[in-house]
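data-v9.txt follows; it contains compact mmCIF, C-alpha atoms and all ligand atoms.
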# COMPACT_ATOMS: atom_id res chain seq x y z
CA MET A 1 89.24 121.18 107.47
CA ASN A 2 87.33 121.80 110.68
CA ASN A 3 84.30 123.17 108.85
CA LYS A 4 83.04 123.48 105.31
CA HIS A 5 84.91 126.74 104.60
CA LEU A 6 88.65 127.23 104.05
CA LEU A 7 89.49 130.52 105.74
CA THR A 8 92.84 130.15 107.49
CA ALA A 9 96.01 128.13 107.05
CA ASP A 10 95.78 126.41 110.42
CA GLU A 11 92.56 124.50 109.70
CA PHE A 12 94.42 121.35 108.59
CA SER A 13 95.95 118.84 110.98
CA PRO A 14 99.21 117.17 109.88
CA GLU A 15 97.19 114.02 109.10
CA GLN A 16 94.75 115.98 106.93
CA LEU A 17 97.65 117.70 105.18
CA LYS A 18 99.23 114.35 104.37
CA ALA A 19 95.94 113.14 102.90
CA LEU A 20 95.62 116.35 100.88
CA PHE A 21 99.14 115.94 99.50
CA GLU A 22 98.34 112.35 98.49
CA HIS A 23 95.18 113.60 96.82
CA ALA A 24 97.23 116.24 94.96
CA ASP A 25 99.70 113.55 93.87
CA ALA A 26 96.78 111.50 92.53
CA MET A 27 95.54 114.53 90.58
CA ARG A 28 99.02 115.00 89.13
CA THR A 29 99.10 111.37 87.99
CA THR A 30 95.58 111.53 86.58
CA LEU A 31 96.44 114.49 84.38
CA THR A 32 99.27 112.53 82.73
CA ASP A 33 96.89 109.82 81.50
CA GLU A 34 94.50 110.78 78.70
CA LYS A 35 91.73 108.33 79.61
CA ALA A 36 91.85 109.16 83.31
CA ARG A 37 92.01 112.88 82.54
CA LYS A 38 88.89 112.70 80.36
CA GLU A 39 87.03 110.73 83.02
CA LEU A 40 88.00 113.28 85.66
CA ALA A 41 86.71 116.06 83.42
CA THR A 42 83.21 114.65 83.82
CA LYS A 43 83.37 113.93 87.55
CA HIS A 44 81.66 117.12 88.76
CA ILE A 45 79.87 117.98 85.53
CA ASP A 46 76.76 119.22 87.38
CA LYS A 47 78.69 121.51 89.74
CA GLN A 48 79.70 125.13 89.40
CA VAL A 49 82.05 127.33 91.38
CA CYS A 50 82.12 131.10 91.55
CA SER A 51 85.39 132.98 91.63
CA LEU A 52 85.15 136.50 92.96
CA PHE A 53 88.42 138.45 92.99
CA TYR A 54 88.39 141.99 94.37
CA GLU A 55 92.19 142.16 94.02
CA PRO A 56 94.51 141.30 91.11
CA SER A 57 95.74 137.74 90.71
CA THR A 58 97.52 135.66 88.11
CA ARG A 59 98.23 132.35 89.85
CA THR A 60 95.49 131.88 92.41
CA ARG A 61 92.57 132.72 90.16
CA SER A 62 93.81 130.96 87.03
CA SER A 63 94.87 127.79 88.88
CA PHE A 64 91.63 127.57 90.87
CA GLU A 65 89.61 128.04 87.69
CA ALA A 66 91.75 125.55 85.74
CA ALA A 67 91.43 123.11 88.65
CA ALA A 68 87.65 123.42 88.65
CA MET A 69 87.46 122.89 84.88
CA LYS A 70 89.73 119.84 84.99
CA LEU A 71 87.29 118.38 87.51
CA GLY A 72 84.40 119.05 85.14
CA MET A 73 82.97 122.02 87.05
CA GLY A 74 81.64 125.15 85.45
CA VAL A 75 83.19 128.43 86.52
CA VAL A 76 81.52 131.81 86.92
CA SER A 77 84.27 134.36 87.30
CA THR A 78 84.52 138.03 88.24
CA GLU A 79 88.18 138.93 87.98
CA ASN A 80 87.89 142.59 88.91
CA ALA A 81 85.05 142.43 91.38
CA SER A 82 85.77 145.84 92.91
CA GLU A 83 84.88 147.40 89.59
CA PHE A 84 82.75 144.83 87.76
CA SER A 85 80.53 143.49 90.55
CA SER A 86 77.89 145.50 92.38
CA ALA A 87 80.54 146.26 95.03
CA ALA A 88 81.21 149.23 92.74
CA LYS A 89 77.67 150.42 93.56
CA GLY A 90 78.19 149.92 97.29
CA GLU A 91 76.94 146.36 97.80
CA THR A 92 78.39 144.70 100.90
CA ILE A 93 80.26 141.41 100.71
CA THR A 94 77.62 139.76 102.86
CA ASP A 95 74.82 140.83 100.50
CA THR A 96 76.84 139.69 97.48
CA THR A 97 77.45 136.32 99.15
CA GLN A 98 73.80 135.84 100.06
CA VAL A 99 72.82 136.56 96.47
CA LEU A 100 75.42 134.13 95.09
CA ASN A 101 74.04 131.52 97.49
CA GLN A 102 70.79 131.65 95.50
CA TYR A 103 72.54 130.26 92.42
CA GLY A 104 73.60 126.89 93.78
CA PHE A 105 77.38 127.22 93.65
CA SER A 106 79.34 124.34 95.14
CA ALA A 107 82.04 126.74 96.31
CA ILE A 108 82.76 130.46 96.21
CA ILE A 109 86.41 131.47 95.94
CA ILE A 110 87.05 135.00 97.20
CA ARG A 111 90.06 137.32 97.25
CA HIS A 112 89.55 140.62 99.02
CA PRO A 113 91.84 143.52 100.04
CA GLN A 114 90.33 143.76 103.53
CA THR A 115 91.53 141.36 106.23
CA GLY A 116 88.54 139.44 107.58
CA ALA A 117 86.23 140.19 104.63
CA VAL A 118 86.27 136.58 103.42
CA ALA A 119 85.34 135.34 106.91
CA GLU A 120 82.47 137.84 106.87
CA ALA A 121 81.27 136.31 103.61
CA ALA A 122 81.54 132.82 105.14
CA SER A 123 79.43 133.90 108.12
CA VAL A 124 76.36 134.18 105.85
CA SER A 125 77.17 131.47 103.31
CA GLU A 126 75.64 128.04 102.88
CA ALA A 127 78.10 127.36 100.06
CA PRO A 128 81.69 126.64 101.09
CA ILE A 129 83.84 129.75 100.95
CA ILE A 130 87.53 129.53 100.03
CA ASN A 131 89.79 132.37 101.11
CA ALA A 132 91.99 133.16 98.13
CA GLY A 133 93.77 135.88 100.11
CA ASP A 134 92.33 138.53 102.42
CA GLY A 135 94.35 141.70 102.94
CA LYS A 136 97.24 141.15 105.33
CA GLY A 137 95.45 138.16 106.79
CA ASP A 138 95.76 134.71 105.32
CA HIS A 139 96.28 132.90 102.03
CA PRO A 140 95.58 129.29 102.99
CA SER A 141 95.65 127.64 99.58
CA GLN A 142 99.04 129.29 98.94
CA SER A 143 100.46 127.84 102.15
CA LEU A 144 99.06 124.43 101.21
CA LEU A 145 100.86 124.52 97.88
CA ASP A 146 103.98 125.88 99.59
CA THR A 147 104.07 123.08 102.15
CA TYR A 148 103.24 120.54 99.42
CA THR A 149 106.28 121.84 97.51
CA ILE A 150 108.52 121.56 100.59
CA TYR A 151 107.17 118.08 101.37
CA ARG A 152 107.87 116.90 97.82
CA LYS A 153 111.47 118.07 98.12
CA PHE A 154 112.32 116.94 101.65
CA GLY A 155 109.71 114.25 102.41
CA ARG A 156 108.93 116.00 105.70
CA LEU A 157 107.67 119.25 107.20
CA ASN A 158 109.57 118.98 110.49
CA ASN A 159 113.14 119.75 111.54
CA LEU A 160 113.58 122.36 108.82
CA ARG A 161 115.42 125.66 108.92
CA VAL A 162 113.21 128.03 106.94
CA VAL A 163 114.34 131.56 106.12
CA MET A 164 111.52 133.96 105.22
CA GLY A 165 112.49 137.31 103.78
CA GLY A 166 111.03 140.54 102.47
CA ASP A 167 107.84 142.24 103.56
CA LEU A 168 106.81 139.97 106.43
CA ARG A 169 104.56 142.60 107.99
CA ASN A 170 102.17 142.95 105.05
CA GLY A 171 102.58 139.64 103.25
CA ARG A 172 99.89 137.05 103.94
CA THR A 173 101.75 134.12 102.37
CA VAL A 174 104.51 134.14 105.00
CA ARG A 175 101.95 134.39 107.80
CA SER A 176 100.06 131.37 106.51
CA LEU A 177 103.23 129.35 105.92
CA ALA A 178 104.48 130.07 109.44
CA LYS A 179 101.16 128.90 110.90
CA ILE A 180 101.44 125.54 109.17
CA LEU A 181 105.13 125.04 109.99
CA ALA A 182 104.30 125.71 113.65
CA LYS A 183 102.29 122.48 113.69
CA TYR A 184 105.45 120.41 113.19
CA GLN A 185 108.26 119.70 115.64
CA GLY A 186 111.76 121.03 115.32
CA ASN A 187 111.33 123.76 112.75
CA HIS A 188 113.40 126.92 113.14
CA LEU A 189 112.23 130.06 111.32
CA VAL A 190 114.53 132.96 110.46
CA PHE A 191 112.79 136.22 109.55
CA VAL A 192 114.85 138.59 107.39
CA SER A 193 113.36 142.05 106.93
CA LEU A 194 113.66 145.73 107.60
CA PRO A 195 112.59 146.57 111.19
CA GLU A 196 109.39 148.22 109.92
CA LEU A 197 108.47 145.11 107.91
CA GLN A 198 108.99 142.49 110.62
CA MET A 199 106.66 139.56 111.16
CA ALA A 200 103.60 140.56 113.20
CA ASP A 201 103.28 139.66 116.88
CA ASP A 202 100.26 137.37 116.48
CA ILE A 203 102.37 134.97 114.39
CA LYS A 204 105.28 135.17 116.83
CA GLU A 205 102.83 134.31 119.63
CA ILE A 206 101.70 131.20 117.74
CA LEU A 207 105.33 130.17 117.25
CA THR A 208 106.11 130.69 120.92
CA ALA A 209 103.00 128.81 122.04
CA THR A 210 103.88 125.82 119.85
CA GLY A 211 107.55 125.80 120.81
CA THR A 212 108.65 126.71 117.30
CA THR A 213 111.92 128.63 117.57
CA PHE A 214 112.54 131.74 115.50
CA GLU A 215 114.97 134.62 115.16
CA GLU A 216 114.94 137.97 113.38
CA SER A 217 117.81 139.14 111.25
CA SER A 218 118.81 141.81 108.77
CA GLU A 219 121.85 139.83 107.60
CA MET A 220 120.55 138.00 104.58
CA GLU A 221 123.63 135.99 103.71
CA GLN A 222 124.28 134.99 107.31
CA ALA A 223 120.68 133.82 107.59
CA PHE A 224 121.09 131.56 104.54
CA LYS A 225 123.70 129.45 106.33
CA ASN A 226 122.39 125.88 106.80
CA ALA A 227 118.94 126.87 105.51
CA ASP A 228 116.78 124.17 103.98
CA VAL A 229 114.16 126.53 102.59
CA ILE A 230 114.55 130.15 101.56
CA TYR A 231 111.15 131.76 101.04
CA TRP A 232 111.45 135.24 99.56
CA THR A 233 108.68 137.79 99.09
CA ARG A 234 108.11 141.16 97.48
CA LEU A 235 107.33 144.49 99.09
CA GLN A 236 103.51 144.69 99.32
CA LYS A 237 103.28 148.21 97.90
CA GLU A 238 99.49 148.02 97.67
CA ARG A 239 99.31 147.72 101.50
CA LEU A 240 101.74 150.50 102.42
CA GLN A 241 99.09 153.21 102.11
CA GLY A 242 101.28 155.54 100.07
CA ASP A 243 104.36 155.25 102.28
CA ALA A 244 106.93 155.44 99.50
CA SER A 245 109.78 155.77 101.99
CA ILE A 246 109.81 152.03 102.65
CA SER A 247 112.01 150.15 100.23
CA SER A 248 112.59 146.42 99.94
CA GLY A 249 115.67 147.03 102.08
CA GLY A 250 118.09 145.71 99.51
CA PHE A 251 117.17 142.11 100.23
CA VAL A 252 117.75 140.91 96.70
CA ILE A 253 118.77 137.34 95.89
CA ASP A 254 121.09 137.47 92.89
CA LYS A 255 123.74 135.23 91.40
CA ASN A 256 126.24 136.29 94.06
CA SER A 257 123.83 135.28 96.87
CA LEU A 258 123.77 131.70 95.59
CA LYS A 259 127.21 130.98 97.00
CA TYR A 260 125.82 131.44 100.53
CA ILE A 261 123.01 128.94 99.95
CA ASP A 262 123.53 125.21 100.62
CA GLU A 263 123.40 122.81 97.69
CA HIS A 264 120.43 120.94 99.18
CA ALA A 265 118.37 124.10 99.84
CA ILE A 266 115.39 125.29 97.82
CA ILE A 267 114.56 128.89 96.92
CA MET A 268 110.85 129.63 96.92
CA HIS A 269 108.72 132.70 96.20
CA PRO A 270 104.92 132.92 96.06
CA LEU A 271 105.27 135.29 93.08
CA PRO A 272 104.84 137.78 91.58
CA ARG A 273 108.43 138.91 92.04
CA VAL A 274 109.39 142.48 91.35
CA GLY A 275 113.17 142.35 91.42
CA GLU A 276 113.88 140.72 94.79
CA ILE A 277 115.08 137.57 93.01
CA THR A 278 116.95 138.41 89.83
CA GLU A 279 116.23 136.44 86.68
CA GLU A 280 119.80 135.11 86.55
CA VAL A 281 118.88 132.95 89.58
CA ASP A 282 116.15 131.13 87.62
CA ALA A 283 118.51 128.64 85.98
CA ASP A 284 119.87 127.46 89.33
CA PRO A 285 118.39 124.06 90.28
CA ARG A 286 117.64 125.36 93.78
CA ALA A 287 115.27 127.98 92.35
CA ILE A 288 111.89 126.23 92.29
CA TYR A 289 109.38 129.09 92.34
CA PHE A 290 107.84 128.25 88.96
CA GLU A 291 107.49 124.58 89.93
CA GLN A 292 105.99 125.84 93.23
CA ALA A 293 103.38 127.85 91.30
CA GLY A 294 102.65 124.75 89.19
CA ASN A 295 101.96 122.72 92.33
CA GLY A 296 99.09 125.12 93.00
CA LEU A 297 97.06 123.43 90.29
CA TYR A 298 97.22 119.97 91.91
CA ILE A 299 96.60 121.27 95.43
CA ARG A 300 93.61 123.33 94.29
CA MET A 301 92.22 120.35 92.34
CA ALA A 302 92.53 118.24 95.49
CA LEU A 303 90.89 120.95 97.57
CA LEU A 304 87.94 121.44 95.23
CA ASP A 305 87.49 117.70 94.67
CA GLY A 306 87.37 117.18 98.42
CA MET A 307 85.13 120.14 99.15
CA VAL A 308 82.35 119.55 96.65
CA CYS A 309 81.95 115.77 97.17
N1 LIG B 1 100.92 133.90 94.91
C1 LIG B 1 99.80 134.54 94.53
O1 LIG B 1 98.85 134.66 95.32
O2 LIG B 1 99.80 135.00 93.27
P1 LIG B 1 98.62 135.79 92.58
O3 LIG B 1 98.49 137.12 93.31
O4 LIG B 1 99.03 135.96 91.15
O5 LIG B 1 97.36 134.99 92.72
Hey, can you dump this file as structure tokens for me?
Amino acid sequence: MNNKHLLTADEFSPEQLKALFEHADAMRTTLTDEKARKELATKHIDKQVCSLFYEPSTRTRSSFEAAAMKLGMGVVSTENASEFSSAAKGETITDTTQVLNQYGFSAIIIRHPQTGAVAEAASVSEAPIINAGDGKGDHPSQSLLDTYTIYRKFGRLNNLRVVMGGDLRNGRTVRSLAKILAKYQGNHLVFVSLPELQMADDIKEILTATGTTFEESSEMEQAFKNADVIYWTRLQKERLQGDASISSGGFVIDKNSLKYIDEHAIIMHPLPRVGEITEEVDADPRAIYFEQAGNGLYIRMALLDGMVC
């Protein structure tokens, strides 16, 4: 990371990413050995992290908190901060952060519905701030676990054909993943979405500036041809501001879709899914979204271990 906070996906160089993945692998190995696991659980015994989630989460919050505990850290958690923190009384995120800084946390993990709110918190924070997802902005730890998953499968992050589908306009995971893939040579991104849910221009500008080729398509099965990675996402209903006219566009991966997907390809999803990959796909060996979610634990352990040293 370029500074003590983790705010955006593009803060890691390829060399730093490789080191992070090795660190995550070491965490994975440590957890399989009882003696090593118990030793690790005392490593940061005098440290505490705060997890402050203004938006719902299953994976990010629980895996960050589990990661902290496996490293011996204490966790102070507010899982519904919009309602159960003093934000409900009108406190600003910068005031909340300055108060939390009084309590000696080694890191503060924040998810917030407003793009840029986590960076605002970081601007007043002595403690490292981790962006656990800010509005339509970024979800850096998700993209780290996504690229870790891809790297484990292919042994590389370059020369890949990656198809991203669904709500690319409002989804932060696809934005963050694209930013990381743009750091590597030879990747080709295919964006499958309805016209009103296309990838935003700022990401396309990054791709163009880095020489990363991309195309836009509404032909799902055509796009799957020769794909290495298929990364599917849900419609971000919570960000559509009541526009019920937008549907997922019928971009559903079901058993029939599998015949258009190469044997060597992997099917990923940041989850939660809400019907855009049917459950009958789960048994296919190419469907690795639950394994992907599991990788979040090791990446977040590596992140926290590195950040609080
Ligand atoms: N992928 C992801 O961010 O999941 P949660 O919303 O459950 O944390």
Legend entry - 12 Å shell around ligand LIG 1 (chain B) using only C-alpha atoms and all ligand atoms, listed as a PyMOL selection string: chain A and resi 53-65+79+109-113+131-135+138-146+171-174+176+232-234+236+238+268-273+289-290+292-297
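Comparing the minimum interatomic distances between Asp201 in chain A and each of A:Lys237, A:Arg169, A:Lys4, A:His264, counting only C-alpha atoms, we find that A:Arg169 sits nearest.
Computed from the coordinates, the CA of Glu216 in chain A to CA of Ile230 in chain A distance equals 14.2 Å.
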Inset, instruction - May I ask which of the residues A:Ala41, A:Ala223, A:Met164, A:Ala127 is the closest one to Met73 in chain A, counting all atoms listed in the file? - result: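 Closest to Met73 in chain A of all the choices is A:Ala41.
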Inset, instruction - For Asp167 in chain A, list every protein, DNA or RNA residue within 6 Å, evaluated using all atoms listed in the file, and leave out those in the same chain fewer than 3 positions away; present the list as a ChimeraX atom specification. - result: /A:170-171,197,235
Legend entry - Nearest residue to Arg37 in chain A from the set A:Lys136, A:Arg161, A:Lys70, A:Arg156 (distances using all atoms listed in the file):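 Of A:Lys136, A:Arg161, A:Lys70, A:Arg156, the one nearest Arg37 in chain A is A:Lys70, counting all atoms listed in the file.
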Inset, instruction - Enter the distance from CA of Ala122 in chain A to CA of Glu91 in chain A, in Å, rounded to one decimal. - result: 16.1 Å
Inset, instruction - To one decimal in Å, tell me the separation between CA of Tyr184 in chain A and CA of Leu157 in chain A. - result: 6.5 Å
Inset, instruction - Fewer than 2 positions away in the same chain doesn't count, so skip those; otherwise give me all residues within 12 Å of Ser217 in chain A, counting only C-alpha atoms, as an MDAnalysis selection string. - result: chainID A and resid 163:166 189:195 197:199 214:215 219:224 251
How big is the axis-aligned box, and where does its centre sit, when it encloses all atoms of range 13-17 of chain A listed in the file and has 8 Å added on every side, reported in Å to one decimal as JSON?
{"center_x": 97.0, "center_y": 116.4, "center_z": 108.1, "size_x": 20.5, "size_y": 20.8, "size_z": 21.8}
